[in-house]
Structures are given as C-alpha cells and as structure tokens.
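Here is the structure we will look at.
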Number of protein chains: 2
Amino acid sequence: MSRWEPNARGRLEQAALELYTERGYEQTTVAEIAKRAGLTERTFFRHFADKREVLFAGAASLEELLVATVAELPESASPIDAVTAALEAAAAAFGERRAHARKRQTVITANAVLKERELIKLASLSAALADTLRGRGVGEPAASLAAEVGVAVFKVAFERWIEETNQRDFSHLIRESLAELKAVTAGT
Amino acid sequence: MSRWEPNARGRLEQAALELYTERGYEQTTVAEIAKRAGLTERTFFRHFADKREVLFAGAASLEELLVATVAELPESASPIDAVTAALEAAAAAFGERRAHARKRQTVITANAVLKERELIKLASLSAALADTLRGRGVGEPAASLAAEVGVAVFKVAFERWIEETNQRDFSHLIRESLAELKAVTAGT
DNA sequence: TTCCTGATGTCAGTCACTGACATCGCTTCG
DNA sequence: CGAAGCGATGTCAGTGACTGACATCAGGAA
C-alpha cells in the first residue's frame, strides 16, 4: 500500500463507513480511518473538511441534480409540480443503492452530530431549490415554502423507503407522501 | 468575584453572546467565556454540553410550550389547526424579546456549525409536535407532515420578523405565511 | 460543631483540526 | 534523456474543545 494508490478519496469514504458501522462514530478516530485507507490523518483532512463530511460527499451532486431538474422544466409548471419533479429525479438517482443508503443512514441516525450535518445538507438543498424557483419567477415566501415542503416530503418518503421490509418503489412513496401533505394542509 | 456568585449559568450565557458578537464565534475560546463570567472552563462544560449549546438554552422550554399548547386543544381541532395554535403561542412567547432574538440570530446565521445546531433543535421541535399529534389520534405520515410544515412556516415567519425594519406583529406574519403555504400546496 | 452534599476548581489527558514545510511521483519542456 | 514544475502526500508541532479523576469550598442538616 504505497503512496499514490488510486482513489484515495473513495478509500477514505469506504474505510470511514466501515469503521463507523463496526465500532460507532465517536469510538472511531480519524487516524484509524486514514490508516485503514493506507493514508495519514493529515491527508484525510485534505479531502474532507471534518470527520463528519466524509459521509456526505454525495450531497453536492444530489443538489445539482435537483436544481438541474427544476431548471429544465417548462415555465408553465407550478412550484409544487416543479418540486415534485425534482423529488422524482432524486428518487431515481437513489434507485439501486438502497442497501448502501440504509447502512449509511443507520450510522447517521445513531449520532446527533451526524444528524446535524444531515439537516444542514437538506437545508442547503431547500435553499438551492428556492433559489431556482425564484429564478423562474416564483415570489417569496412561495418559493421558500414550496422548497421546504418538498424537502419535508422527501424526508418522510426516504425514511419509509429505508425502513420498510417489503421494498416499495421510492417514487411511489414520494407521490403518496405528497398526496397526504395536500390533504393535511387543506384540512380546516 | 468569588466562588458562589449566583446565576452562574445565566452569566455564562450572557458572556458567550457578548463575546460571540464582539469577535465572532470561532475566534472566541471557551476559556474566555468562562473568564468573563468569573468561572473556569471546566465549569462551563458542566452547564453546557458544548460551546454551541450555550446559545440554545431556551429551546427546551419553547418545545414544552408548543407541546403543551397542542395538548390542551379540543380533540376536534385538525392537525393543521393544532400546529397553527402552537405557532401562535410561540410567537407570543417571543413577543418582547425581538432585540435579543435578533442579536442571537445574527451570531447563528454567521456560523455554519451554529446553523447546524439550530436546525437540529427545530427538528426536535418538529418531532415533539408530531408525537403529540399522534397522541391525539393523528396517523402517519399526516402527523409528521403537519409538524414539518408547521416548523417550515415558523422559520419563514421568524426570518421575516427578525429582518424587517418596520416591525410587524409576529403572529400576523405567521398567519400570512400559513395562508401562502396553503396556496402553494393547493397549486396544480 | 460536625457531616453531607452540590457546585466549583485543578490537572492531566485525548482527539479534532490547522499551518508550515519536506518529499514523492508524474508530466512537460528543453 | 534530464531538469523543472506541480499536485498529492507525509511529517511535525501546535491550538483548542471536551472529559475523567480528584480536591476544595459554601451552606444546610443532624
């Protein structure tokens, strides 16, 4: 395991998920992650801003996907429809990786500090969606609310998708949660 | 400034907010906060779990207030009405403390790690609301969605209340945001 | 007074994270 | 081919958040 093995970043991500799963997030030191990946602690911090971030490498690309999806929609689409389309795209992107998502989510939900990081990633997602909606002429606070509501629906559907034993289609769960949301907000 | 001055916890909170405002969160050490409060670093960590928590001491009581408000409503109230009532109670609780809330919020929005902590407090609020709704016979995912949506409305209204120069009534802003939300989710 | 208890102080230690600088392997240019 | 340049990695010495163990102090109970 010499210097210059390929994919240092990917090795660090894998080593971290393994160790966080094996012995827990807090009981794992960055030095141990780096060692398992054949690197040093200092190199870990060159690839990831902190010990949590190694679990959230994919968040940026997910955000790009959602924004791109909304941006490509015809102007005629309503805010809620735009958000729905974005969520469907996200569901499709997860698609095959339920096992990995589940493992990762188990680690995250077991640690408050990891939950914090997850929440701020979702907030960033919401802000990006709201920005895109505003760019399409949606006013405030409609843009922010549509984005927040979209993320709320995503959270609820994702949780169900991960937890259920009888695997159901992610996008189906999203449509279901969205319908439920409309019923709730319409309630007197 | 001897040992056993009263209200150590309150002195720490005030010293922290002052220092975070004066020189920024990251540039302030816990030792400095403790020193200004006439205490030691070790004592700081006996009152607050970490350097961030000192800004969020009131979150627990806010949560209690919201839960109590919902719990006292007649069973006939719909989920969205229950959440609305809780938000109105929260608005009333803030009432006079706009200046303090504003100062605190300025510090929080300037630091990613503080934003993370704020988000998890709001998530805890949402979870507590959802629990209470479930206790009143509301099913899932309606309970979670109503709670999430309520928190989203609160966030939007709070931001406006803090930012606007011409001070408007907090509960008025909440009703306004809620109406907007209903319009958004009803949109085709 | 004496004892007990809870709040505080002291000290030593771990670990996340950073800056400065050295080193390595590959690529490009002469 | 060999030297220079450059990006990725290693090494080292810090700072500061946070913790455990133990001592100490003030006030109330016996």
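Chain labels run A, B, ... following the order of the structure tokens; each chain numbers its residues from 1, and ligands are numbered from 1 in the order shown.
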Give me, as a tab-separated table (two decimals) with C-alpha atoms (C1' of nucleotides), in the first residue's frame, all polymer residues having an atom no more than 10 Å from DT10 (chain C), counting only C-alpha atoms (C1' of nucleotides) and skipping those fewer than 3 positions away in the same chain.
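As a result, out00.tsv now contains:
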chain	number	residue	atom	x	y	z
B	40	THR	CA	-13.43	28.24	34.80
B	42	ARG	CA	-14.44	23.15	33.32
D	22	DC	C1'	-9.84	14.13	42.41
D	23	DA	C1'	-9.54	18.18	45.61
D	24	DT	C1'	-11.93	22.08	47.70
As an MDAnalysis selection string, which residues of region 8-136 of chain A does DSSP assign to helix (DSSP H, G or I)?
chainID A and resid 8:23 30:36 41:47 53:55 59:71 79:94 98:109 112:135
Find the residues in chain B near chain A: any atom within 10 Å counts, using only C-alpha atoms. Write them as an NGL selection string.
:B and (77-81 or 112-123 or 140-153 or 155-157 or 160 or 176-188)
Which chain D residues are at most 9 Å from chain B (counting only C-alpha atoms (C1' of nucleotides)), as a ChimeraX atom specification?
/D:16-18,25-26
From the options C:DC26, C:DC4, C:DC11, C:DC21, which residue's atoms come nearest to chain A, counting only C-alpha atoms (C1' of nucleotides)?
C:DC26
What are the nearest atom pairs, with distances in Å to one decimal, for all residues of chain B that come at most 12 Å from chain C, using only C-alpha atoms (C1' of nucleotides), set out by chain and rising residue number as JSON lines?
{"residue": "B:Ser2", "atom": "CA", "partner": "C:DT8", "partner_atom": "C1'", "distance": 10.6}
{"residue": "B:Arg3", "atom": "CA", "partner": "C:DT8", "partner_atom": "C1'", "distance": 7.1}
{"residue": "B:Trp4", "atom": "CA", "partner": "C:DA7", "partner_atom": "C1'", "distance": 7.8}
{"residue": "B:Glu5", "atom": "CA", "partner": "C:DA7", "partner_atom": "C1'", "distance": 10.8}
{"residue": "B:Pro6", "atom": "CA", "partner": "C:DA7", "partner_atom": "C1'", "distance": 11.0}
{"residue": "B:Asn7", "atom": "CA", "partner": "C:DA7", "partner_atom": "C1'", "distance": 11.6}
{"residue": "B:Ala8", "atom": "CA", "partner": "C:DA7", "partner_atom": "C1'", "distance": 9.9}
{"residue": "B:Arg9", "atom": "CA", "partner": "C:DA7", "partner_atom": "C1'", "distance": 11.6}
{"residue": "B:Gly38", "atom": "CA", "partner": "C:DT8", "partner_atom": "C1'", "distance": 11.1}
{"residue": "B:Leu39", "atom": "CA", "partner": "C:DT8", "partner_atom": "C1'", "distance": 8.2}
{"residue": "B:Thr40", "atom": "CA", "partner": "C:DG9", "partner_atom": "C1'", "distance": 7.4}
{"residue": "B:Glu41", "atom": "CA", "partner": "C:DG9", "partner_atom": "C1'", "distance": 9.8}
{"residue": "B:Arg42", "atom": "CA", "partner": "C:DG9", "partner_atom": "C1'", "distance": 8.2}
{"residue": "B:Thr43", "atom": "CA", "partner": "C:DT8", "partner_atom": "C1'", "distance": 6.8}
{"residue": "B:Phe44", "atom": "CA", "partner": "C:DT8", "partner_atom": "C1'", "distance": 10.4}
{"residue": "B:Phe45", "atom": "CA", "partner": "C:DT8", "partner_atom": "C1'", "distance": 11.7}
{"residue": "B:Arg46", "atom": "CA", "partner": "C:DA7", "partner_atom": "C1'", "distance": 9.6}
{"residue": "B:His47", "atom": "CA", "partner": "C:DA7", "partner_atom": "C1'", "distance": 10.7}
Deliver the residues from the most recent selection as a file, using N, CA and C atoms, as a CSV table (one decimal), in the first residue's frame.
chain,number,residue,atom,x,y,z
B,2,SER,N,-16.0,36.2,43.7
B,2,SER,CA,-15.6,34.9,44.4
B,2,SER,C,-16.4,33.8,43.9
B,3,ARG,N,-16.1,32.6,44.4
B,3,ARG,CA,-16.9,31.4,44.1
B,3,ARG,C,-18.3,31.7,44.6
B,4,TRP,N,-19.3,31.0,44.0
B,4,TRP,CA,-20.7,31.0,44.5
B,4,TRP,C,-21.4,32.3,44.3
B,5,GLU,N,-21.0,33.1,43.3
B,5,GLU,CA,-21.9,34.2,42.9
B,5,GLU,C,-23.1,33.5,42.3
B,6,PRO,N,-24.3,34.2,42.4
B,6,PRO,CA,-25.5,33.5,41.9
B,6,PRO,C,-25.6,33.5,40.4
B,7,ASN,N,-26.4,32.6,39.9
B,7,ASN,CA,-26.7,32.5,38.4
B,7,ASN,C,-25.5,32.3,37.5
B,8,ALA,N,-24.7,31.3,37.8
B,8,ALA,CA,-23.5,31.0,37.0
B,8,ALA,C,-23.9,30.8,35.6
B,9,ARG,N,-25.0,30.0,35.4
B,9,ARG,CA,-25.4,29.6,34.1
B,9,ARG,C,-25.8,30.9,33.2
B,38,GLY,N,-16.5,34.9,35.3
B,38,GLY,CA,-15.9,34.7,36.6
B,38,GLY,C,-15.8,33.2,37.0
B,39,LEU,N,-15.7,32.3,36.0
B,39,LEU,CA,-15.7,30.9,36.3
B,39,LEU,C,-14.5,30.2,35.5
B,40,THR,N,-14.5,28.9,35.6
B,40,THR,CA,-13.4,28.2,34.8
B,40,THR,C,-14.0,27.5,33.6
B,41,GLU,N,-13.2,27.1,32.7
B,41,GLU,CA,-13.6,26.4,31.5
B,41,GLU,C,-14.3,25.1,31.9
B,42,ARG,N,-13.8,24.4,32.9
B,42,ARG,CA,-14.4,23.2,33.3
B,42,ARG,C,-15.9,23.4,33.8
B,43,THR,N,-16.1,24.4,34.4
B,43,THR,CA,-17.5,24.7,34.9
B,43,THR,C,-18.4,25.0,33.7
B,44,PHE,N,-17.9,25.7,32.7
B,44,PHE,CA,-18.7,25.9,31.5
B,44,PHE,C,-19.2,24.6,31.0
B,45,PHE,N,-18.4,23.6,30.9
B,45,PHE,CA,-18.8,22.3,30.4
B,45,PHE,C,-19.7,21.5,31.3
B,46,ARG,N,-19.8,22.0,32.6
B,46,ARG,CA,-20.7,21.3,33.5
B,46,ARG,C,-22.1,21.9,33.2
B,47,HIS,N,-22.2,23.1,32.7
B,47,HIS,CA,-23.5,23.7,32.5
B,47,HIS,C,-24.0,23.5,31.0
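Neighbours of Thr28 (chain B) closer than or equal to 12 Å, with only C-alpha atoms (C1' of nucleotides) counted and sequence neighbours fewer than 2 positions away skipped, come out as Ala15, Ala16, Leu17, Glu18, Leu19, Tyr20, Thr21, Glu22, Arg23, Gly24, Tyr25, Glu26, Val30, Ala31, Glu32, Ile33, Ala34, Lys35, Arg36, Lys51 and Arg52 of chain B; DG16 and DA17 of chain D.
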Dump as a PDB file, in the first residue's frame, selection limited to C-alpha atoms (C1' of nucleotides):
ATOM      1  CA  ALA B  15     -20.762  36.348  28.376  1.00  0.00           C
ATOM      2  CA  ALA B  16     -20.927  33.946  25.446  1.00  0.00           C
ATOM      3  CA  LEU B  17     -23.402  36.041  23.466  1.00  0.00           C
ATOM      4  CA  GLU B  18     -21.320  39.148  24.084  1.00  0.00           C
ATOM      5  CA  LEU B  19     -18.063  37.549  23.005  1.00  0.00           C
ATOM      6  CA  TYR B  20     -19.589  35.789  20.001  1.00  0.00           C
ATOM      7  CA  THR B  21     -20.957  39.162  18.916  1.00  0.00           C
ATOM      8  CA  GLU B  22     -17.775  41.122  19.613  1.00  0.00           C
ATOM      9  CA  ARG B  23     -15.213  38.896  17.969  1.00  0.00           C
ATOM     10  CA  GLY B  24     -17.133  36.059  16.341  1.00  0.00           C
ATOM     11  CA  TYR B  25     -17.914  32.512  17.392  1.00  0.00           C
ATOM     12  CA  GLU B  26     -14.776  30.802  16.152  1.00  0.00           C
ATOM     13  CA  VAL B  30     -14.485  28.688  25.997  1.00  0.00           C
ATOM     14  CA  ALA B  31     -11.794  29.747  28.456  1.00  0.00           C
ATOM     15  CA  GLU B  32     -12.503  33.385  27.566  1.00  0.00           C
ATOM     16  CA  ILE B  33     -16.245  32.977  28.087  1.00  0.00           C
ATOM     17  CA  ALA B  34     -15.680  31.353  31.457  1.00  0.00           C
ATOM     18  CA  LYS B  35     -13.235  34.034  32.485  1.00  0.00           C
ATOM     19  CA  ARG B  36     -15.680  36.839  31.655  1.00  0.00           C
ATOM     20  CA  LYS B  51     -19.560  25.538  23.001  1.00  0.00           C
ATOM     21  CA  ARG B  52     -22.679  25.858  20.829  1.00  0.00           C
TER      22      ARG B  52
ATOM     23  C1'  DG D  16      -8.456  24.372  21.464  1.00  0.00           C
ATOM     24  C1'  DA D  17     -12.752  21.582  22.522  1.00  0.00           C
TER      25       DA D  17
END
How many Å lie between C1' of DT9 (chain D) and CA of Arg11 (chain A), rounded to one decimal?
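Taking C1' of DT9 (chain D) and CA of Arg11 (chain A), their separation equals 14.7 Å.
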